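Novice: My structure is stored as target_11.pdb, with PDB, C-alpha atoms, pLDDT in the B column.
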```pdb
ATOM      1  CA  MET A   1       5.998  22.505  15.214  1.00 57.00           C
ATOM      2  CA  TYR A   2       6.545  20.085  18.109  1.00 61.00           C
ATOM      3  CA  LEU A   3       9.619  18.543  16.482  1.00 63.00           C
ATOM      4  CA  SER A   4      11.056  21.941  15.537  1.00 60.00           C
ATOM      5  CA  GLU A   5      10.615  23.347  19.033  1.00 65.00           C
ATOM      6  CA  ASN A   6      12.085  20.322  20.787  1.00 65.00           C
ATOM      7  CA  PHE A   7      14.792  19.014  18.498  1.00 62.00           C
ATOM      8  CA  SER A   8      16.090  21.812  16.279  1.00 60.00           C
ATOM      9  CA  THR A   9      18.837  24.312  17.134  1.00 62.00           C
ATOM     10  CA  PRO A  10      19.900  27.582  15.466  1.00 65.00           C
ATOM     11  CA  ASP A  11      22.666  25.652  13.703  1.00 66.00           C
ATOM     12  CA  HIS A  12      20.601  22.584  12.872  1.00 60.00           C
ATOM     13  CA  VAL A  13      17.100  23.646  11.912  1.00 65.00           C
ATOM     14  CA  ASN A  14      15.765  20.334  10.610  1.00 80.00           C
ATOM     15  CA  LEU A  15      15.960  16.642  11.404  1.00 86.00           C
ATOM     16  CA  TYR A  16      18.380  15.952   8.553  1.00 89.00           C
ATOM     17  CA  THR A  17      21.026  18.138  10.168  1.00 87.00           C
ATOM     18  CA  SER A  18      20.078  17.618  13.832  1.00 85.00           C
ATOM     19  CA  CYS A  19      23.214  15.500  14.366  1.00 87.00           C
ATOM     20  CA  GLY A  20      25.403  17.983  12.497  1.00 86.00           C
ATOM     21  CA  LEU A  21      25.818  18.923   8.843  1.00 88.00           C
ATOM     22  CA  ALA A  22      28.353  16.139   8.357  1.00 92.00           C
ATOM     23  CA  LYS A  23      25.652  13.576   9.184  1.00 93.00           C
ATOM     24  CA  ALA A  24      23.026  14.876   6.735  1.00 93.00           C
ATOM     25  CA  ASP A  25      23.886  12.492   3.902  1.00 96.00           C
ATOM     26  CA  GLU A  26      24.080   9.538   6.308  1.00 97.00           C
ATOM     27  CA  ILE A  27      20.639  10.364   7.710  1.00 96.00           C
ATOM     28  CA  LYS A  28      19.143  10.617   4.222  1.00 97.00           C
ATOM     29  CA  ALA A  29      20.740   7.292   3.279  1.00 98.00           C
ATOM     30  CA  LEU A  30      19.302   5.629   6.395  1.00 98.00           C
ATOM     31  CA  GLU A  31      15.864   7.067   5.705  1.00 97.00           C
ATOM     32  CA  ARG A  32      16.000   5.765   2.126  1.00 97.00           C
ATOM     33  CA  ARG A  33      17.198   2.356   3.352  1.00 97.00           C
ATOM     34  CA  TYR A  34      14.315   2.051   5.810  1.00 97.00           C
ATOM     35  CA  ASP A  35      11.756   3.226   3.270  1.00 96.00           C
ATOM     36  CA  GLU A  36      12.871   0.746   0.607  1.00 96.00           C
ATOM     37  CA  GLY A  37      13.495  -2.181   2.974  1.00 95.00           C
ATOM     38  CA  LEU A  38      11.402  -1.930   6.117  1.00 96.00           C
ATOM     39  CA  GLY A  39       8.597  -0.019   4.401  1.00 94.00           C
ATOM     40  CA  ALA A  40       8.095  -2.600   1.655  1.00 92.00           C
ATOM     41  CA  ALA A  41       8.379  -5.456   4.162  1.00 94.00           C
ATOM     42  CA  ALA A  42       5.769  -3.850   6.416  1.00 92.00           C
ATOM     43  CA  ILE A  43       3.176  -3.863   3.619  1.00 89.00           C
ATOM     44  CA  ASP A  44       3.701  -7.535   2.783  1.00 88.00           C
ATOM     45  CA  PHE A  45       3.796  -8.580   6.434  1.00 89.00           C
ATOM     46  CA  PHE A  46       0.741  -6.622   7.558  1.00 84.00           C
ATOM     47  CA  TYR A  47      -1.625  -7.650   4.778  1.00 80.00           C
ATOM     48  CA  LEU A  48      -0.547 -11.284   4.637  1.00 80.00           C
ATOM     49  CA  ASP A  49      -0.706 -11.650   8.414  1.00 80.00           C
ATOM     50  CA  ALA A  50      -4.135 -10.024   8.527  1.00 70.00           C
ATOM     51  CA  VAL A  51      -5.972 -11.585   5.613  1.00 69.00           C
ATOM     52  CA  VAL A  52      -4.247 -14.966   5.179  1.00 67.00           C
ATOM     53  CA  PHE A  53      -2.861 -16.221   8.471  1.00 64.00           C
ATOM     54  CA  ASN A  54      -5.491 -14.527  10.622  1.00 58.00           C
ATOM     55  CA  LYS A  55      -8.358 -14.685   8.096  1.00 58.00           C
ATOM     56  CA  TRP A  56     -11.706 -13.174   9.137  1.00 55.00           C
ATOM     57  CA  ARG A  57     -10.637 -12.552  12.740  1.00 57.00           C
ATOM     58  CA  SER A  58      -8.515  -9.597  11.667  1.00 55.00           C
ATOM     59  CA  MET A  59     -11.490  -7.926  10.015  1.00 58.00           C
ATOM     60  CA  LEU A  60     -13.685  -7.936  13.110  1.00 60.00           C
ATOM     61  CA  PRO A  61     -11.776  -5.142  14.923  1.00 58.00           C
ATOM     62  CA  PHE A  62     -12.100  -2.870  11.864  1.00 57.00           C
ATOM     63  CA  ALA A  63     -15.827  -3.518  11.638  1.00 58.00           C
ATOM     64  CA  LEU A  64     -16.265  -2.841  15.359  1.00 60.00           C
ATOM     65  CA  MET A  65     -14.187   0.326  15.037  1.00 57.00           C
ATOM     66  CA  GLY A  66     -16.569   1.471  12.319  1.00 55.00           C
ATOM     67  CA  PHE A  67     -19.550   0.968  14.631  1.00 56.00           C
ATOM     68  CA  LYS A  68     -17.740   2.763  17.463  1.00 59.00           C
ATOM     69  CA  ASN A  69     -16.781   5.740  15.293  1.00 57.00           C
ATOM     70  CA  LYS A  70     -20.320   5.922  13.881  1.00 60.00           C
ATOM     71  CA  VAL A  71     -19.095   5.421  10.329  1.00 62.00           C
ATOM     72  CA  GLY A  72     -22.378   3.741   9.609  1.00 64.00           C
ATOM     73  CA  SER A  73     -23.849   0.412  10.629  1.00 69.00           C
ATOM     74  CA  LEU A  74     -24.414  -0.687   7.034  1.00 74.00           C
ATOM     75  CA  GLN A  75     -20.894   0.258   5.951  1.00 70.00           C
ATOM     76  CA  SER A  76     -19.342  -1.583   8.898  1.00 67.00           C
ATOM     77  CA  LEU A  77     -21.536  -4.635   8.276  1.00 73.00           C
ATOM     78  CA  ILE A  78     -20.586  -4.714   4.587  1.00 73.00           C
ATOM     79  CA  TRP A  79     -16.898  -4.499   5.531  1.00 68.00           C
ATOM     80  CA  PHE A  80     -17.233  -7.480   7.858  1.00 70.00           C
ATOM     81  CA  VAL A  81     -19.411  -9.671   5.610  1.00 74.00           C
ATOM     82  CA  PHE A  82     -17.323  -9.127   2.495  1.00 74.00           C
ATOM     83  CA  SER A  83     -13.954  -9.144   4.281  1.00 70.00           C
ATOM     84  CA  PRO A  84     -12.848 -12.504   2.766  1.00 70.00           C
ATOM     85  CA  LEU A  85     -13.415 -11.126  -0.743  1.00 76.00           C
ATOM     86  CA  ILE A  86     -11.796  -7.807   0.164  1.00 73.00           C
ATOM     87  CA  GLY A  87      -8.786  -9.680   1.511  1.00 71.00           C
ATOM     88  CA  LYS A  88      -8.379 -11.693  -1.700  1.00 76.00           C
ATOM     89  CA  MET A  89      -8.670  -8.538  -3.795  1.00 80.00           C
ATOM     90  CA  ILE A  90      -5.962  -6.833  -1.727  1.00 77.00           C
ATOM     91  CA  LEU A  91      -3.596  -9.793  -2.045  1.00 76.00           C
ATOM     92  CA  SER A  92      -4.194 -10.058  -5.781  1.00 82.00           C
ATOM     93  CA  ALA A  93      -3.821  -6.336  -6.449  1.00 83.00           C
ATOM     94  CA  MET A  94      -0.599  -6.097  -4.425  1.00 78.00           C
ATOM     95  CA  SER A  95       0.802  -9.478  -5.537  1.00 82.00           C
ATOM     96  CA  ILE A  96       1.364 -10.555  -1.921  1.00 77.00           C
ATOM     97  CA  THR A  97       2.261 -14.238  -1.493  1.00 80.00           C
ATOM     98  CA  ALA A  98       3.226 -16.518   1.401  1.00 79.00           C
ATOM     99  CA  SER A  99       6.873 -16.446   0.306  1.00 86.00           C
ATOM    100  CA  LYS A 100       6.828 -12.661   0.634  1.00 87.00           C
ATOM    101  CA  TYR A 101       5.729 -13.056   4.266  1.00 86.00           C
ATOM    102  CA  GLN A 102       8.908 -14.963   5.149  1.00 90.00           C
ATOM    103  CA  LYS A 103      11.000 -12.558   3.104  1.00 93.00           C
ATOM    104  CA  ALA A 104       9.413  -9.622   4.940  1.00 93.00           C
ATOM    105  CA  MET A 105      10.293 -11.169   8.306  1.00 94.00           C
ATOM    106  CA  HIS A 106      13.876 -11.756   7.144  1.00 96.00           C
ATOM    107  CA  THR A 107      14.179  -8.153   5.928  1.00 97.00           C
ATOM    108  CA  CYS A 108      12.746  -6.844   9.179  1.00 97.00           C
ATOM    109  CA  ARG A 109      15.135  -8.909  11.297  1.00 98.00           C
ATOM    110  CA  GLU A 110      18.076  -7.615   9.270  1.00 98.00           C
ATOM    111  CA  GLU A 111      16.970  -3.983   9.610  1.00 98.00           C
ATOM    112  CA  PHE A 112      16.432  -4.346  13.360  1.00 98.00           C
ATOM    113  CA  ARG A 113      19.855  -6.016  13.677  1.00 98.00           C
ATOM    114  CA  HIS A 114      21.492  -3.181  11.726  1.00 98.00           C
ATOM    115  CA  ALA A 115      19.666  -0.521  13.758  1.00 98.00           C
ATOM    116  CA  SER A 116      20.637  -2.258  17.008  1.00 98.00           C
ATOM    117  CA  GLU A 117      24.283  -2.094  15.947  1.00 98.00           C
ATOM    118  CA  LEU A 118      23.991   1.650  15.331  1.00 98.00           C
ATOM    119  CA  LEU A 119      22.305   2.133  18.702  1.00 98.00           C
ATOM    120  CA  GLY A 120      25.188   0.299  20.335  1.00 97.00           C
ATOM    121  CA  LYS A 121      27.392   3.220  19.260  1.00 96.00           C
ATOM    122  CA  SER A 122      25.112   6.196  19.993  1.00 96.00           C
ATOM    123  CA  GLU A 123      21.850   7.143  21.689  1.00 96.00           C
ATOM    124  CA  TYR A 124      20.064   7.648  18.369  1.00 96.00           C
ATOM    125  CA  LEU A 125      20.492   6.018  14.965  1.00 97.00           C
ATOM    126  CA  ALA A 126      22.697   8.755  13.511  1.00 95.00           C
ATOM    127  CA  GLY A 127      24.250  10.305  16.598  1.00 93.00           C
ATOM    128  CA  SER A 128      23.415  12.003  19.867  1.00 91.00           C
ATOM    129  CA  ARG A 129      20.151  13.651  18.750  1.00 89.00           C
ATOM    130  CA  LEU A 130      16.852  12.579  17.224  1.00 91.00           C
ATOM    131  CA  SER A 131      16.921  12.657  13.418  1.00 92.00           C
ATOM    132  CA  ALA A 132      14.702  11.872  10.442  1.00 93.00           C
ATOM    133  CA  ALA A 133      16.224   8.384  10.435  1.00 96.00           C
ATOM    134  CA  ASP A 134      14.776   7.653  13.899  1.00 96.00           C
ATOM    135  CA  ILE A 135      11.322   8.914  12.941  1.00 94.00           C
ATOM    136  CA  THR A 136      11.245   6.904   9.711  1.00 96.00           C
ATOM    137  CA  PHE A 137      12.421   3.740  11.440  1.00 98.00           C
ATOM    138  CA  ALA A 138       9.887   4.134  14.259  1.00 95.00           C
ATOM    139  CA  ALA A 139       6.970   4.846  11.916  1.00 93.00           C
ATOM    140  CA  LEU A 140       7.716   1.883   9.645  1.00 96.00           C
ATOM    141  CA  SER A 141       8.200  -0.413  12.648  1.00 95.00           C
ATOM    142  CA  TYR A 142       4.602   0.008  13.821  1.00 90.00           C
ATOM    143  CA  PRO A 143       3.096  -2.848  11.739  1.00 88.00           C
ATOM    144  CA  PHE A 144       5.631  -5.214  13.309  1.00 92.00           C
ATOM    145  CA  LEU A 145       5.640  -3.920  16.905  1.00 92.00           C
ATOM    146  CA  ARG A 146       1.952  -2.897  17.131  1.00 87.00           C
ATOM    147  CA  ILE A 147       2.506  -0.011  19.537  1.00 86.00           C
ATOM    148  CA  THR A 148      -0.512   0.420  21.824  1.00 81.00           C
ATOM    149  CA  HIS A 149      -2.209   3.673  22.791  1.00 74.00           C
ATOM    150  CA  GLN A 150      -0.758   3.339  26.294  1.00 76.00           C
ATOM    151  CA  GLU A 151       2.694   3.105  24.710  1.00 81.00           C
ATOM    152  CA  GLY A 152       2.210   6.274  22.688  1.00 74.00           C
ATOM    153  CA  PHE A 153       0.342   5.417  19.491  1.00 73.00           C
ATOM    154  CA  GLN A 154      -2.286   8.137  19.067  1.00 64.00           C
ATOM    155  CA  GLN A 155      -5.135   6.045  17.692  1.00 63.00           C
ATOM    156  CA  TYR A 156      -7.736   3.696  19.061  1.00 56.00           C
ATOM    157  CA  PRO A 157      -6.035   0.392  19.881  1.00 56.00           C
ATOM    158  CA  LEU A 158      -6.801  -2.527  17.575  1.00 57.00           C
ATOM    159  CA  SER A 159      -7.927  -5.786  19.107  1.00 54.00           C
ATOM    160  CA  SER A 160      -5.359  -8.537  19.524  1.00 59.00           C
ATOM    161  CA  LEU A 161      -7.591 -10.474  17.107  1.00 57.00           C
ATOM    162  CA  GLY A 162      -5.970  -8.423  14.350  1.00 64.00           C
ATOM    163  CA  THR A 163      -2.640 -10.274  14.660  1.00 78.00           C
ATOM    164  CA  SER A 164      -1.936 -13.961  14.075  1.00 80.00           C
ATOM    165  CA  SER A 165      -0.024 -16.125  16.560  1.00 84.00           C
ATOM    166  CA  ILE A 166       2.984 -15.946  14.219  1.00 87.00           C
ATOM    167  CA  GLY A 167       2.738 -12.167  14.153  1.00 87.00           C
ATOM    168  CA  LYS A 168       2.474 -11.949  17.944  1.00 90.00           C
ATOM    169  CA  ALA A 169       5.578 -14.100  18.439  1.00 93.00           C
ATOM    170  CA  PHE A 170       7.496 -11.993  15.913  1.00 94.00           C
ATOM    171  CA  GLN A 171       6.324  -8.840  17.671  1.00 93.00           C
ATOM    172  CA  GLN A 172       7.782 -10.017  20.994  1.00 96.00           C
ATOM    173  CA  GLU A 173      11.020 -11.071  19.305  1.00 97.00           C
ATOM    174  CA  LEU A 174      11.526  -7.602  17.806  1.00 98.00           C
ATOM    175  CA  ARG A 175      10.478  -5.746  20.954  1.00 97.00           C
ATOM    176  CA  ALA A 176      13.271  -7.512  22.845  1.00 98.00           C
ATOM    177  CA  THR A 177      15.974  -6.082  20.557  1.00 98.00           C
ATOM    178  CA  LYS A 178      17.844  -2.844  21.195  1.00 98.00           C
ATOM    179  CA  ALA A 179      16.162  -1.336  18.122  1.00 98.00           C
ATOM    180  CA  GLY A 180      12.732  -2.442  19.345  1.00 98.00           C
ATOM    181  CA  GLN A 181      13.324  -0.860  22.748  1.00 97.00           C
ATOM    182  CA  HIS A 182      14.472   2.324  20.991  1.00 97.00           C
ATOM    183  CA  VAL A 183      11.222   2.539  19.031  1.00 96.00           C
ATOM    184  CA  LEU A 184       9.137   1.942  22.160  1.00 95.00           C
ATOM    185  CA  ARG A 185      11.039   4.730  23.927  1.00 94.00           C
ATOM    186  CA  LEU A 186      10.493   7.140  21.030  1.00 92.00           C
ATOM    187  CA  TYR A 187       6.736   6.529  21.050  1.00 89.00           C
ATOM    188  CA  LYS A 188       6.580   6.879  24.828  1.00 87.00           C
ATOM    189  CA  GLU A 189       8.890   9.842  25.412  1.00 84.00           C
ATOM    190  CA  GLU A 190       9.189  11.825  22.194  1.00 75.00           C
ATOM    191  CA  ARG A 191       5.671  12.081  20.819  1.00 70.00           C
ATOM    192  CA  TYR A 192       3.236  14.983  20.773  1.00 57.00           C
ATOM    193  CA  PHE A 193       0.418  13.938  23.110  1.00 57.00           C
ATOM    194  CA  GLU A 194      -1.908  16.953  23.140  1.00 55.00           C
ATOM    195  CA  SER A 195      -4.087  15.936  20.187  1.00 52.00           C
ATOM    196  CA  TYR A 196      -7.412  14.223  20.804  1.00 51.00           C
ATOM    197  CA  LEU A 197      -8.280  10.724  19.737  1.00 46.00           C
ATOM    198  CA  PRO A 198     -10.913  10.465  16.995  1.00 44.00           C
ATOM    199  CA  ARG A 199     -14.425  10.108  18.367  1.00 42.00           C
TER     200      ARG A 199
END
```
Written as structure tokens, that's how I'd like the structure from this file.
Specialist:
Amino acid sequence: MYLSENFSTPDHVNLYTSCGLAKADEIKALERRYDEGLGAAAIDFFYLDAVVFNKWRSMLPFALMGFKNKVGSLQSLIWFVFSPLIGKMILSAMSITASKYQKAMHTCREEFRHASELLGKSEYLAGSRLSAADITFAALSYPFLRITHQEGFQQYPLSSLGTSSIGKAFQQELRATKAGQHVLRLYKEERYFESYLPR
């Protein structure tokens, strides 16, 4: 409803045609590109950074969040105690390796470079208005940029313990790009902020 009220027009009723009918196929192609490239890279990067490079430290914020949200003391304690085993199971099930971590960073850099080039030509990725391409790119960029609640991410903030030193350096590198600044602006200025945080 929020997106429809703020970004659609009588002629362009959805975010695939928000930049004009002629741009619809381009927007769909961009969305598919981000899903297949940035989306896959985000999975490899997030899990490997959390459970390999950052080891048990990344699990602590999730356990504490469980206590805070009253999920259950026993459940949160089990999550924390067995986090090394859980991490290994995740990596094995998803076939995530150290080489995939570097590949994910390379893919992400390329996608941010490509998006920055597009943003050098127009205000948004596909033209002068927000489109599905912008939303997809912004959503899939979260694991890399780690948008905070103050910056517009509508969830409880995770502790900085959840990201390795490599991940933090990569985060700052991407935030400095034109594409990174675009994502930060979208979260800050073009999000629906009237929903409550989970208790």
Novice: So which residues get picked by the PyMOL selection byres ((chain A and resi 43) around 12) here, written as a PyMOL selection string?
Specialist: chain A and resi 35-42+44-50+90-91+94-97+100-101+103-105+108+140-144
Novice: Need to verify the contact set: Ile147 of chain A, 8 Å, all atoms listed in the file, exclusion of same-chain residues closer than 6 positions in sequence. Can you return it as a PyMOL selection string?
Specialist: chain A and resi 153+184+187
Novice: Quick check, in Å to one decimal: how far apart do atom CA of Thr148 of chain A and atom CA of Arg33 of chain A lie?
Specialist: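 Going from atom CA of Thr148 of chain A over to atom CA of Arg33 of chain A covers 25.7 Å.
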Novice: Residues within 12 Å of Ser128 of chain A, please, as a list in words. Count all atoms listed in the file; anything in the same chain fewer than 4 positions from it doesn't count.
Specialist: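 Counting only the stated atoms, we get Phe7, Thr17, Ser18, Cys19, Gly20, Lys23, Leu118, Leu119, Gly120, Lys121, Ser122, Glu123, Tyr124 and Asp134 of chain A.
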Novice: If I take atom CA of Ser131 of chain A and atom CA of Glu26 of chain A, how far is one from the other in Å, to one decimal?
Specialist: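 Atom-to-atom, atom CA of Ser131 of chain A and atom CA of Glu26 of chain A are spaced 10.6 Å apart.
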Novice: Using Å and a single decimal, report how far atom CA of Arg129 of chain A sits from atom CA of Gln150 of chain A.
Specialist: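 Computing it gives 24.5 Å between the two atoms.
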Novice: Can you list, as a short mmCIF file (atom, residue, chain, number, x, y, z; two decimals) with C-alpha atoms, in the coordinates of the input, the residues that the PyMOL selection byres ((chain A and resi 30) around 10) selects here?
Specialist:
```cif
data_model
loop_
_atom_site.label_atom_id
_atom_site.label_comp_id
_atom_site.auth_asym_id
_atom_site.auth_seq_id
_atom_site.Cartn_x
_atom_site.Cartn_y
_atom_site.Cartn_z
CA ALA A 24 23.03 14.88 6.74
CA ASP A 25 23.89 12.49 3.90
CA GLU A 26 24.08 9.54 6.31
CA ILE A 27 20.64 10.36 7.71
CA LYS A 28 19.14 10.62 4.22
CA ALA A 29 20.74 7.29 3.28
CA GLU A 31 15.86 7.07 5.70
CA ARG A 32 16.00 5.76 2.13
CA ARG A 33 17.20 2.36 3.35
CA TYR A 34 14.32 2.05 5.81
CA ASP A 35 11.76 3.23 3.27
CA GLU A 36 12.87 0.75 0.61
CA ALA A 115 19.67 -0.52 13.76
CA LEU A 125 20.49 6.02 14.96
CA ALA A 126 22.70 8.76 13.51
CA ALA A 132 14.70 11.87 10.44
CA ALA A 133 16.22 8.38 10.44
CA ASP A 134 14.78 7.65 13.90
CA THR A 136 11.24 6.90 9.71
CA PHE A 137 12.42 3.74 11.44
#
```
Novice: Give the answer as one residue: which of A:Phe170, A:Gly152, A:Lys88, A:Ser99 has the shortest atom-to-atom distance to Ala139 of chain A, using all atoms listed in the file?
Specialist: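 Nearest to Ala139 of chain A: A:Gly152.
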